[in-house]
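Chemist: Structure incoming, see below.
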Amino acid sequence: MTDCAAQEISQGRMKQNMKAEKGKALRNKTIDFPLESKEGADYRKKIRRRNQKVGAYEEILDQVILGDSFKVMEELPQGFADLLIVDPPYNLEKDYHGNKFKAESHEAYRAYTKEWLEKVLPLLKPTASVYVCCDWKSSLIIGEVLCELLKVRNRITWQREKGRGAKANWKNGMEDIWFATVSNVYTFHLDAVKVRRKVIAPYKVEGVPKDWEETEEGNYRNTCPSNFWDDISIPYWSMPENTAHPTQKPEKLMAKLILASSSEGDVVLDPFGGSGTTAVTAKKLGRHFVTIEQNELYCAWALKRLEMAETDASIQGYQDGVFWERNSWSEQKRKHGGEKHDH
């Protein structure tokens with residue numbers, strides 16, 4: 001590590017310390033403790049590092065591995081993963097708490113994408129599915145590479161709502177998720193990911209609801225999911241899953257991918273683990289996971305969240321096997337102490 005890089009990481013940690021010292025509102029559940037805190041030190045001791053043995057299957061299962069993904073993937077056993085979920089750095093300028101990613105040329109980012117894909121594909125089973133998250137700009141490149149190496153099935157568009165306004169452009173409130181498979185034989189549990197939607201004009205046949213049900217909460221129909229997802233918000237400060245990671249994905253989003261394309265007991269691989277959303281959601285849904293992350297701070301946050309999942313396996317917006325529309329379930333508000341969290 002260069003002196004400059006070390007200084008940037010140190011400055012990032014100092015900022016975290018300053019934030020922690022200021023304190024936060026009682027309802028703010030964001031996980032953002034620094035490594036230098038007592039809590040950070042405790043989780044730091046539990047982090048699995050690349051210099052430990054990571055090659056054997058039994059040694060990596062349900063582990064968050066600290067290390068360079070490109071190097072760690074070379075040491076993992078082949079053909080062990082049932083599902084790959086990837087949220088790589090987008091081709092943007094972004095500071096991940098001292099680890100900075102710089103925007104590259106189209107050609108350079110394409111080469112970067114192809115490199116990590118070629119390293120991760122041998123780790124997948126022939127029946128594995130692949131999901132890759134990206135913004136609209138990197139999507140143009142990632143989709144192109146995926147078509148070369150896998151069987152692309154679909155492109156999901158997630159309306160995440162939050163985004164910066166622009167004076168001379170449209171506000172960017174969408175992200176893409178590419179869905180691909182290794183072969184023509186793959187898992188897809190349609191009934192596990194149906195969306196519960198309000199019935200505006202209930203239709204009955206001989207007085208009986210037609211393809212919908214009456215409940216105390218209203219009239220609903222479970223519908224097949226489309227490739228446009230408008231029922232998921234990004235995590236925010238009053239949600240227990242929220243961390244200070246700058247690009248964290250929601251557990252509800254990961255739950256859809258995991259439930260659709262894996263079965264209980266399967267292994268979910270995430271080579272760019274961030275603050276552990278894939279690992280945490282996999283654990284909550286009865287799957288195994290293997291997560292790789294190069295930022296020690298994010299590994300500590302991930303371990304904190306995994307510990308929390310041992311006593312709370314709930315996923316906001318998903319209850320009793322049903323994905324609810326945003327702002328559609330008043331019962332969920334009551335179960336969560338009146339907070340308006342259905343997203």
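Chain lettering (A, B, ...) mirrors the order of the structure tokens, residue numbering begins at 1 for each chain separately, and ligand numbering begins at 1 in order of display.
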Just list as a PyMOL selection string whatever in segment 114-196 of chain A DSSP marks as strand (DSSP E).
Modeler: chain A and resi 124-134+151-159+174-181+195-196
Chemist: Based on the selection just made, write C-alpha atoms of those residues as a CSV table (one decimal), in the first residue's frame.
Modeler:
```csv
chain,number,residue,atom,x,y,z
A,124,LEU,CA,-20.2,-21.7,-10.2
A,125,LYS,CA,-22.2,-24.9,-10.6
A,126,PRO,CA,-23.5,-25.7,-14.2
A,127,THR,CA,-27.0,-24.9,-12.9
A,128,ALA,CA,-26.1,-21.6,-11.3
A,129,SER,CA,-27.8,-18.3,-11.9
A,130,VAL,CA,-26.1,-14.9,-12.0
A,131,TYR,CA,-27.3,-11.4,-11.0
A,132,VAL,CA,-25.2,-8.3,-11.6
A,133,CYS,CA,-26.2,-4.8,-10.3
A,134,CYS,CA,-25.2,-1.7,-12.2
A,151,LYS,CA,-26.9,-16.9,-21.2
A,152,VAL,CA,-28.6,-13.6,-20.5
A,153,ARG,CA,-32.2,-14.1,-19.5
A,154,ASN,CA,-33.4,-10.6,-18.6
A,155,ARG,CA,-32.6,-7.1,-17.4
A,156,ILE,CA,-34.4,-6.0,-14.3
A,157,THR,CA,-34.9,-2.3,-13.7
A,158,TRP,CA,-35.1,-1.2,-10.1
A,159,GLN,CA,-36.7,2.2,-9.3
A,174,MET,CA,-33.1,3.7,-11.7
A,175,GLU,CA,-30.6,0.9,-11.6
A,176,ASP,CA,-30.3,-2.3,-13.6
A,177,ILE,CA,-29.9,-5.9,-12.5
A,178,TRP,CA,-28.8,-8.3,-15.2
A,179,PHE,CA,-30.1,-11.9,-14.9
A,180,ALA,CA,-28.1,-14.6,-16.6
A,181,THR,CA,-27.5,-18.4,-16.2
A,195,VAL,CA,-45.9,-9.6,-5.4
A,196,ARG,CA,-49.1,-8.8,-3.4
```
Chemist: Out of segment 16-101 of chain A, which residues get alpha helix (DSSP H) from DSSP, as a list in words?
Modeler: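 Matching residues, listed in order: Gln16, Asn17, Met18, Lys19, Ala20, Glu21, Lys22, Lys38, Glu39, Gly40, Ala41, Asp42, Tyr43, Arg44, Tyr57, Glu58, Glu59, Ile60, Ser69, Phe70, Lys71, Val72, Met73, Glu74 and Glu75 of chain A.
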Chemist: One number please: atom CA of Lys252 of chain A to atom CA of Phe323 of chain A, in Å, one decimal.
Modeler: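 That distance, rounded to one decimal, is 8.3 Å.
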Chemist: For the atom pair atom CA of Ala260 of chain A and atom CA of Val290 of chain A, what is the interatomic distance in Å to one decimal place?
Modeler: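 Between atom CA of Ala260 of chain A and atom CA of Val290 of chain A the gap works out to 18.5 Å.
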Chemist: May I ask for the distance between atom CA of Glu293 of chain A and atom CA of Phe188 of chain A, given in Å to one decimal place?
Modeler: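 Value for the atom CA of Glu293 of chain A-atom CA of Phe188 of chain A distance: 27.5 Å.
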Chemist: Taking 4 positions as the minimum chain separation for residues in the same chain, which residues sit within 8 Å of segment 111-119 of chain A when counting only C-alpha atoms? Answer as a list in words.
Modeler: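 Contacts, in chain order: Phe70, Met73, Glu74, Glu107, Leu123, Ile142 and Val145 of chain A.
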Chemist: Residues within 9 Å of Ser138 of chain A, please, as a count of residues only. Count only C-alpha atoms; anything in the same chain fewer than 6 positions from it doesn't count.
Modeler: 6
Chemist: For Asp68 of chain A, which of A:Glu325, A:Arg221, A:Ser314, A:Glu296 is the closest residue, counting only C-alpha atoms?
Modeler: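 The shortest atom-to-atom distance to Asp68 of chain A comes from A:Glu296.
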Chemist: Please list as an MDAnalysis selection string every residue within 8 Å of Ile85 of chain A, counting only C-alpha atoms and excluding residues in the same chain fewer than 2 positions away.
Modeler: chainID A and resid 83 87 130:132 268:271 278
Chemist: Just N, CA and C atoms for this one: save the residues we selected as an mmCIF file, in the first residue's frame.
Modeler:
```cif
data_model
loop_
_atom_site.group_PDB
_atom_site.id
_atom_site.type_symbol
_atom_site.label_atom_id
_atom_site.label_comp_id
_atom_site.auth_asym_id
_atom_site.auth_seq_id
_atom_site.Cartn_x
_atom_site.Cartn_y
_atom_site.Cartn_z
ATOM 1 N N LEU A 83 -25.624 -19.772 -6.669
ATOM 2 C CA LEU A 83 -26.113 -18.454 -7.079
ATOM 3 C C LEU A 83 -25.021 -17.422 -6.873
ATOM 4 N N ASP A 87 -22.455 -6.970 -6.938
ATOM 5 C CA ASP A 87 -22.707 -5.520 -6.933
ATOM 6 C C ASP A 87 -21.343 -4.845 -7.030
ATOM 7 N N VAL A 130 -26.943 -16.025 -12.200
ATOM 8 C CA VAL A 130 -26.077 -14.873 -11.959
ATOM 9 C C VAL A 130 -26.901 -13.593 -12.017
ATOM 10 N N TYR A 131 -26.711 -12.728 -11.023
ATOM 11 C CA TYR A 131 -27.324 -11.396 -11.036
ATOM 12 C C TYR A 131 -26.219 -10.362 -10.844
ATOM 13 N N VAL A 132 -26.213 -9.335 -11.700
ATOM 14 C CA VAL A 132 -25.203 -8.287 -11.606
ATOM 15 C C VAL A 132 -25.895 -6.929 -11.545
ATOM 16 N N VAL A 268 -24.797 -19.084 -1.780
ATOM 17 C CA VAL A 268 -24.834 -17.811 -2.503
ATOM 18 C C VAL A 268 -23.461 -17.150 -2.382
ATOM 19 N N LEU A 269 -22.890 -16.797 -3.512
ATOM 20 C CA LEU A 269 -21.557 -16.179 -3.554
ATOM 21 C C LEU A 269 -21.666 -14.709 -3.913
ATOM 22 N N ASP A 270 -20.952 -13.868 -3.164
ATOM 23 C CA ASP A 270 -20.903 -12.427 -3.434
ATOM 24 C C ASP A 270 -19.452 -11.977 -3.330
ATOM 25 N N PRO A 271 -18.785 -11.713 -4.453
ATOM 26 C CA PRO A 271 -17.361 -11.344 -4.429
ATOM 27 C C PRO A 271 -17.079 -9.878 -4.125
ATOM 28 N N THR A 278 -26.017 -9.228 0.974
ATOM 29 C CA THR A 278 -26.265 -10.546 0.373
ATOM 30 C C THR A 278 -26.121 -11.644 1.405
#
```
Chemist: Residues within 7 Å of Val199 of chain A, please, as JSON, numbers by chain. Count only C-alpha atoms; anything in the same chain fewer than 2 positions from it doesn't count.
Modeler: {"A": [197, 201, 202, 219, 220, 221]}
